[in-house]
>>> print(open('entry_15.txt').read())   # compact mmCIF, C-alpha atoms
# COMPACT_ATOMS: atom_id res chain seq x y z
CA MET A 1 -47.12 102.12 -88.22
CA LYS A 2 -49.17 99.09 -89.04
CA HIS A 3 -51.50 98.02 -86.23
CA THR A 4 -53.22 94.74 -85.50
CA HIS A 5 -56.66 94.84 -83.91
CA PHE A 6 -57.60 92.41 -81.17
CA ALA A 7 -61.03 91.87 -79.65
CA PRO A 8 -61.28 92.30 -75.86
CA LEU A 9 -60.17 89.16 -74.03
CA LEU A 10 -60.67 87.62 -70.63
CA ILE A 11 -57.47 86.02 -69.42
CA THR A 12 -56.68 84.05 -66.32
CA VAL A 13 -53.93 85.68 -64.34
CA ALA A 14 -53.71 83.33 -61.37
CA GLY A 15 -50.03 83.08 -60.68
CA LEU A 16 -49.53 86.63 -61.95
CA MET A 17 -51.53 88.51 -59.37
CA SER A 18 -52.35 86.79 -56.09
CA GLY A 19 -55.97 86.96 -55.03
CA CYS A 20 -57.30 87.67 -58.53
CA ALA A 21 -58.76 84.89 -60.63
CA SER A 22 -59.27 86.88 -63.81
CA GLN A 23 -59.09 90.39 -65.14
CA GLN A 24 -60.48 92.13 -68.19
CA VAL A 25 -57.67 92.94 -70.58
CA PRO A 26 -57.63 96.72 -71.15
CA THR A 27 -57.11 98.21 -74.56
CA ILE A 28 -53.57 99.25 -75.41
CA ALA A 29 -54.80 102.85 -75.69
CA HIS A 30 -56.34 102.79 -72.21
CA THR A 31 -53.20 101.24 -70.76
CA HIS A 32 -51.11 104.13 -72.06
CA ILE A 33 -53.62 106.58 -70.59
CA GLY A 34 -53.23 104.60 -67.36
CA HIS A 35 -49.48 105.22 -67.45
CA ALA A 36 -50.23 108.93 -67.33
CA LEU A 37 -52.99 108.81 -64.72
CA GLU A 38 -52.76 105.59 -62.72
CA GLY A 39 -49.23 104.27 -62.44
CA TRP A 40 -45.73 104.04 -63.86
CA HIS A 41 -43.09 101.60 -62.69
CA ASP A 42 -40.40 103.94 -61.31
CA THR A 43 -42.10 107.21 -60.38
CA PRO A 44 -42.23 108.07 -56.67
CA GLY A 45 -44.85 105.75 -55.20
CA GLN A 46 -45.42 104.36 -58.70
CA GLU A 47 -47.87 107.19 -59.33
CA GLY A 48 -49.04 108.02 -62.85
CA LEU A 49 -46.69 110.25 -64.83
CA PHE A 50 -49.16 113.15 -64.94
CA VAL A 51 -49.88 112.75 -61.22
CA THR A 52 -46.13 112.94 -60.61
CA ALA A 53 -46.00 116.18 -62.58
CA GLU A 54 -48.82 117.57 -60.43
CA ASN A 55 -47.04 116.57 -57.21
CA GLU A 56 -43.75 118.07 -58.36
CA ALA A 57 -45.46 121.29 -59.42
CA LYS A 58 -46.98 121.68 -55.95
CA ALA A 59 -43.59 121.06 -54.34
CA ALA A 60 -42.00 123.67 -56.62
CA LEU A 61 -44.72 126.20 -55.79
CA ASP A 62 -44.34 125.65 -52.03
CA ALA A 63 -40.57 126.18 -52.25
CA ALA A 64 -41.01 129.25 -54.47
CA LYS A 65 -43.43 130.68 -51.93
CA ASP A 66 -40.79 130.24 -49.23
CA ALA A 67 -38.14 131.91 -51.41
CA ARG A 68 -40.16 135.09 -51.86
CA THR A 69 -41.03 135.39 -48.14
CA PRO A 70 -39.84 138.79 -46.83
CA GLY A 71 -36.76 138.63 -44.65
CA ARG A 72 -35.17 135.58 -46.28
CA SER A 73 -31.41 135.81 -46.47
CA LEU A 74 -29.56 135.26 -49.74
CA SER A 75 -28.46 131.81 -48.64
CA GLN A 76 -32.01 130.89 -47.63
CA ILE A 77 -33.40 132.08 -50.97
CA LYS A 78 -30.82 130.03 -52.83
CA ALA A 79 -31.65 126.96 -50.76
CA ASP A 80 -35.36 127.40 -51.47
CA LEU A 81 -34.74 127.88 -55.18
CA SER A 82 -32.57 124.78 -55.38
CA VAL A 83 -35.67 122.86 -54.25
CA VAL A 84 -37.72 124.64 -56.92
CA LYS A 85 -35.25 123.62 -59.60
CA ALA A 86 -35.10 119.99 -58.44
CA ALA A 87 -38.90 119.77 -58.54
CA THR A 88 -39.09 121.51 -61.91
CA ALA A 89 -36.28 120.06 -64.02
CA PRO A 90 -33.62 118.13 -62.08
CA ALA A 91 -30.18 118.25 -63.65
CA ASP A 92 -29.59 114.50 -63.20
CA THR A 93 -32.29 112.32 -64.74
CA ALA A 94 -30.35 109.05 -64.70
CA ALA A 95 -32.48 106.01 -64.00
CA ASN A 96 -30.65 105.20 -60.77
CA THR A 97 -31.16 108.60 -59.14
CA PRO A 98 -34.11 109.30 -56.82
CA ALA A 99 -34.77 112.76 -58.30
CA LYS A 100 -35.31 111.46 -61.80
CA TYR A 101 -38.47 113.32 -62.68
CA GLY A 102 -39.54 116.85 -61.89
CA ILE A 103 -42.38 118.58 -63.71
CA LYS A 104 -40.66 118.76 -67.07
CA ASN A 105 -39.64 115.13 -67.40
CA SER A 106 -42.81 113.60 -65.95
CA LEU A 107 -45.12 115.84 -68.02
CA THR A 108 -43.12 115.15 -71.18
CA MET A 109 -43.44 111.42 -70.55
CA ALA A 110 -47.15 111.72 -69.74
CA ALA A 111 -47.71 113.54 -73.05
CA SER A 112 -45.72 110.82 -74.84
CA HIS A 113 -47.97 108.10 -73.42
CA ILE A 114 -51.11 110.00 -74.38
CA GLY A 115 -49.53 110.16 -77.82
CA TYR A 116 -48.85 106.41 -77.79
CA ALA A 117 -52.51 105.90 -76.92
CA SER A 118 -53.56 107.93 -79.96
CA GLU A 119 -51.40 105.75 -82.23
CA SER A 120 -52.76 102.43 -80.94
CA GLY A 121 -54.82 100.24 -83.22
CA ASP A 122 -57.65 100.16 -80.68
CA VAL A 123 -57.81 103.93 -80.07
CA THR A 124 -61.08 105.83 -80.29
CA ASP A 125 -61.59 109.03 -82.29
CA ASN A 126 -62.18 110.76 -78.95
CA VAL A 127 -58.67 109.94 -77.69
CA LYS A 128 -57.09 110.79 -81.05
CA LYS A 129 -58.61 114.27 -80.99
CA SER A 130 -57.81 114.84 -77.32
CA ALA A 131 -54.21 113.65 -77.68
CA ASP A 132 -53.55 116.06 -80.55
CA GLU A 133 -54.85 118.95 -78.48
CA PHE A 134 -53.01 117.84 -75.32
CA SER A 135 -49.64 117.79 -77.08
CA GLY A 136 -50.03 121.47 -77.92
CA LYS A 137 -51.26 122.50 -74.50
CA VAL A 138 -48.37 121.06 -72.48
CA ILE A 139 -45.92 123.37 -74.25
CA ALA A 140 -46.68 126.38 -72.04
CA VAL A 141 -45.82 124.43 -68.87
CA LEU A 142 -42.62 123.04 -70.38
CA GLN A 143 -41.52 126.50 -71.49
CA ARG A 144 -42.11 127.87 -67.98
CA CYS A 145 -40.02 125.01 -66.61
CA ASP A 146 -37.11 126.09 -68.82
CA LEU A 147 -37.50 129.72 -67.78
CA ILE A 148 -37.63 128.78 -64.08
CA THR A 149 -34.41 126.80 -64.48
CA THR A 150 -32.68 129.74 -66.18
CA LEU A 151 -33.78 132.21 -63.49
CA VAL A 152 -32.74 129.90 -60.66
CA ASP A 153 -29.32 129.47 -62.24
CA ASP A 154 -29.02 133.27 -62.47
CA VAL A 155 -29.73 133.59 -58.75
CA MET A 156 -27.25 130.83 -57.89
CA GLY A 157 -24.53 132.73 -59.77
CA SER A 158 -25.31 136.07 -58.13
CA ASP A 159 -24.14 137.64 -54.86
CA SER A 160 -26.91 140.23 -54.89
CA GLN A 161 -29.72 140.04 -52.36
CA GLU A 162 -31.75 142.44 -54.49
CA VAL A 163 -31.41 140.27 -57.61
CA ALA A 164 -32.32 137.17 -55.64
CA GLU A 165 -35.47 138.77 -54.26
CA LEU A 166 -36.57 140.06 -57.67
CA MET A 167 -35.94 136.71 -59.34
CA ALA A 168 -37.67 134.82 -56.51
CA ALA A 169 -40.82 136.88 -57.11
CA GLU A 170 -40.76 136.07 -60.83
CA ILE A 171 -40.07 132.40 -60.21
CA PHE A 172 -43.05 132.25 -57.85
CA LYS A 173 -45.34 133.65 -60.57
CA LEU A 174 -44.11 131.03 -63.03
CA ALA A 175 -44.45 128.20 -60.51
CA GLU A 176 -47.96 129.36 -59.66
CA ALA A 177 -48.87 129.48 -63.36
CA ASN A 178 -47.62 125.92 -63.79
CA VAL A 179 -50.10 124.78 -61.15
CA GLN A 180 -53.09 127.09 -61.66
CA GLY A 181 -52.64 128.46 -65.17
CA VAL A 182 -52.55 132.19 -65.91
CA ASP A 183 -55.02 134.65 -67.45
CA ILE A 184 -52.76 136.13 -70.13
CA ASP A 185 -55.40 138.03 -72.08
CA GLY A 186 -57.15 139.34 -68.95
CA ASN A 187 -60.62 138.13 -69.92
CA GLY A 188 -61.25 136.42 -66.59
CA ILE A 189 -61.00 132.94 -68.07
CA ILE A 190 -57.92 130.73 -67.78
CA GLY A 191 -57.47 128.26 -70.60
CA ASN A 192 -58.98 129.86 -73.67
CA LEU A 193 -55.39 130.18 -74.97
CA ASN A 194 -52.90 127.34 -74.96
CA GLN A 195 -50.30 129.69 -73.44
CA GLU A 196 -52.52 130.06 -70.37
CA TYR A 197 -52.51 126.36 -69.54
CA GLY A 198 -51.24 124.97 -66.26
CA LEU A 199 -51.59 121.50 -64.82
CA LYS A 200 -55.06 122.32 -63.48
CA GLN A 201 -56.36 122.94 -67.00
CA LEU A 202 -54.51 119.92 -68.40
CA ARG A 203 -56.08 117.73 -65.71
CA LYS A 204 -59.55 119.00 -66.61
CA ASP A 205 -58.97 118.18 -70.29
CA LEU A 206 -57.85 114.64 -69.44
CA GLU A 207 -60.93 114.14 -67.28
CA VAL A 208 -63.17 115.32 -70.13
CA MET A 209 -61.43 112.90 -72.50
CA ILE A 210 -62.01 110.01 -70.11
CA ALA A 211 -65.64 110.97 -69.49
CA GLU A 212 -66.33 110.86 -73.22
CA GLU A 213 -64.67 107.48 -73.84
CA SER A 214 -66.71 104.59 -75.24
CA PRO A 215 -66.04 101.85 -74.24
CA VAL A 216 -65.82 103.37 -70.77
CA TYR A 217 -62.31 103.95 -69.45
CA GLN A 218 -61.55 101.78 -66.44
CA PRO A 219 -58.20 102.23 -64.63
CA PRO A 220 -56.10 99.23 -65.73
CA GLU A 221 -54.91 96.75 -63.12
CA ARG A 222 -51.31 97.34 -62.03
CA TRP A 223 -50.12 94.16 -63.72
CA PHE A 224 -51.22 95.45 -67.10
CA LEU A 225 -49.70 98.88 -66.45
CA PHE A 226 -46.31 97.38 -65.63
CA ASN A 227 -46.27 94.58 -68.20
CA LEU A 228 -46.95 96.41 -71.44
CA ILE A 229 -43.93 96.02 -73.71
CA ARG A 230 -42.97 97.33 -77.12
CA LEU A 231 -41.67 94.84 -79.69
CA PRO A 232 -38.93 95.71 -82.22
CA SER A 233 -41.70 96.04 -84.82
CA GLY A 234 -43.18 98.90 -82.78
CA GLU A 235 -46.21 96.84 -81.74
CA TRP A 236 -47.30 97.03 -78.10
CA MET A 237 -48.02 93.76 -76.29
CA PHE A 238 -48.80 92.60 -72.76
CA ARG A 239 -46.10 90.35 -71.42
CA ARG A 240 -47.43 86.88 -70.47
CA MET A 241 -45.44 85.07 -67.79
CA ARG A 242 -47.78 82.44 -66.45
CA LYS A 243 -46.36 79.77 -64.23
CA GLY A 244 -45.92 76.52 -66.12
CA THR A 245 -46.10 78.12 -69.57
CA GLY A 246 -43.43 79.04 -72.04
CA GLY A 247 -44.36 82.71 -71.98
CA GLY A 248 -46.09 84.62 -74.74
CA SER A 249 -47.93 87.90 -75.03
CA TYR A 250 -51.35 89.50 -75.26
CA GLY A 251 -51.91 92.75 -77.04
CA GLY A 252 -52.30 94.71 -80.19
CA GLY A 253 -51.08 97.75 -82.02
>>> encode(input="entry_15.txt", output="structure tokens")
Amino acid sequence: MKHTHFAPLLITVAGLMSGCASQQVPTIAHTHIGHALEGWHDTPGQEGLFVTAENEAKAALDAAKDARTPGRSLSQIKADLSVVKAATAPADTAANTPAKYGIKNSLTMAASHIGYASESGDVTDNVKKSADEFSGKVIAVLQRCDLITTLVDDVMGSDSQEVAELMAAEIFKLAEANVQGVDIDGNGIIGNLNQEYGLKQLRKDLEVMIAEESPVYQPPERWFLFNLIRLPSGEWMFRRMRKGTGGGSYGGG
């Protein structure tokens, strides 16, 4: 993809955002990182895509903990596990449904936006390197999501209390690993293998990437997060819709 480089700009956004006279235009790369960490237009609460994955993972773990509680009936276990599945990989991801995300979808999208950042014309070597590593490290979480979905479906199709209890215990371990990671090689360190990664380790890696950015990463204003568009050419641009103008865009590859 051919990219065009643009120097940082100061633009007046009166009429775009009330109460703000001007804002520093973020880089395209930092705006994509912002989609993962700061905000996305249709996530719950317009949270960042990675933040949504973290929230869903915690919800899945809480429900999995309930499912493995001693004394739960078969129907109660199934009800708990249906919550786990919805928070992990909801069956219906249509844009007009409230349960659009789940861990799998939101983390996949977060990884995509980190990838978009690495392809931007204004990306730093730091983000390029981090994005390549991040794309490999999310795989363990996504694979656990698929396994959780399979196990939940097995329980839903079973009339056995014993099977439900055994599967609930396994699902809890997987849900916990998605949040905290897991020490597969037993060396007392979580994260030295990509297969050990959970959202906790992924969050740490993103924070290290941000800490090492130059120019310094600043969370983009919401207007920039929600007004970055992709042209048919593949170039990313900020939509410009200033009152009294004929439109236009700001941006770069």
>>> closest_atom_pairs(input="entry_15.txt", of="stretch 103-166 of chain A", to="stretch 174-183 of chain A", cutoff="8 Å", atoms="only C-alpha atoms", output="Markdown table")
| residue | atom | partner | partner_atom | distance |
| --- | --- | --- | --- | --- |
| A:Val141 | CA | A:Asn178 | CA | 5.6 |
| A:Arg144 | CA | A:Leu174 | CA | 6.2 |
| A:Ile148 | CA | A:Leu174 | CA | 6.9 |
>>> closest_residue(input="entry_15.txt", among="A:Gln161, A:Gln201, A:Thr88, A:Ser75", to="A:Gln143", atoms="only C-alpha atoms")
A:Thr88
>>> atom_distance(input="entry_15.txt", atom1="atom CA of A:Ala53", atom2="atom CA of A:Leu199")
8.0 Å
>>> closest_residue(input="entry_15.txt", among="A:Asp125, A:Asp185, A:Glu170, A:Glu196", to="A:Arg68", atoms="only C-alpha atoms")
A:Glu170
>>> closest_residue(input="entry_15.txt", among="A:Asn194, A:Thr27, A:Asn227, A:Thr52", to="A:Gly136", atoms="only C-alpha atoms")
A:Asn194
>>> atom_distance(input="entry_15.txt", atom1="atom CA of A:Glu212", atom2="atom CA of A:Lys58")
28.1 Å
>>> atom_distance(input="entry_15.txt", atom1="atom CA of A:Ile33", atom2="atom CA of A:Ser118")
9.5 Å
>>> closest_residue(input="entry_15.txt", among="A:Met237, A:Ala29, A:Val138, A:Met156", to="A:Phe50", atoms="all atoms listed in the file")
A:Val138
>>> closest_residue(input="entry_15.txt", among="A:Ser82, A:Ser130, A:Ser112, A:Asn55", to="A:Met209", atoms="all atoms listed in the file")
A:Ser130
>>> closest_residue(input="entry_15.txt", among="A:Ala60, A:Ile139, A:Leu147, A:Ile77", to="A:Leu107", atoms="all atoms listed in the file")
A:Ile139
>>> residues_around(input="entry_15.txt", residues="A:Tyr101", least_positions_apart="6", cutoff="8 Å", atoms="only C-alpha atoms", output="list in words")
Thr43, Thr52, Ala87, Ala89, Pro90 and Thr93 of chain A
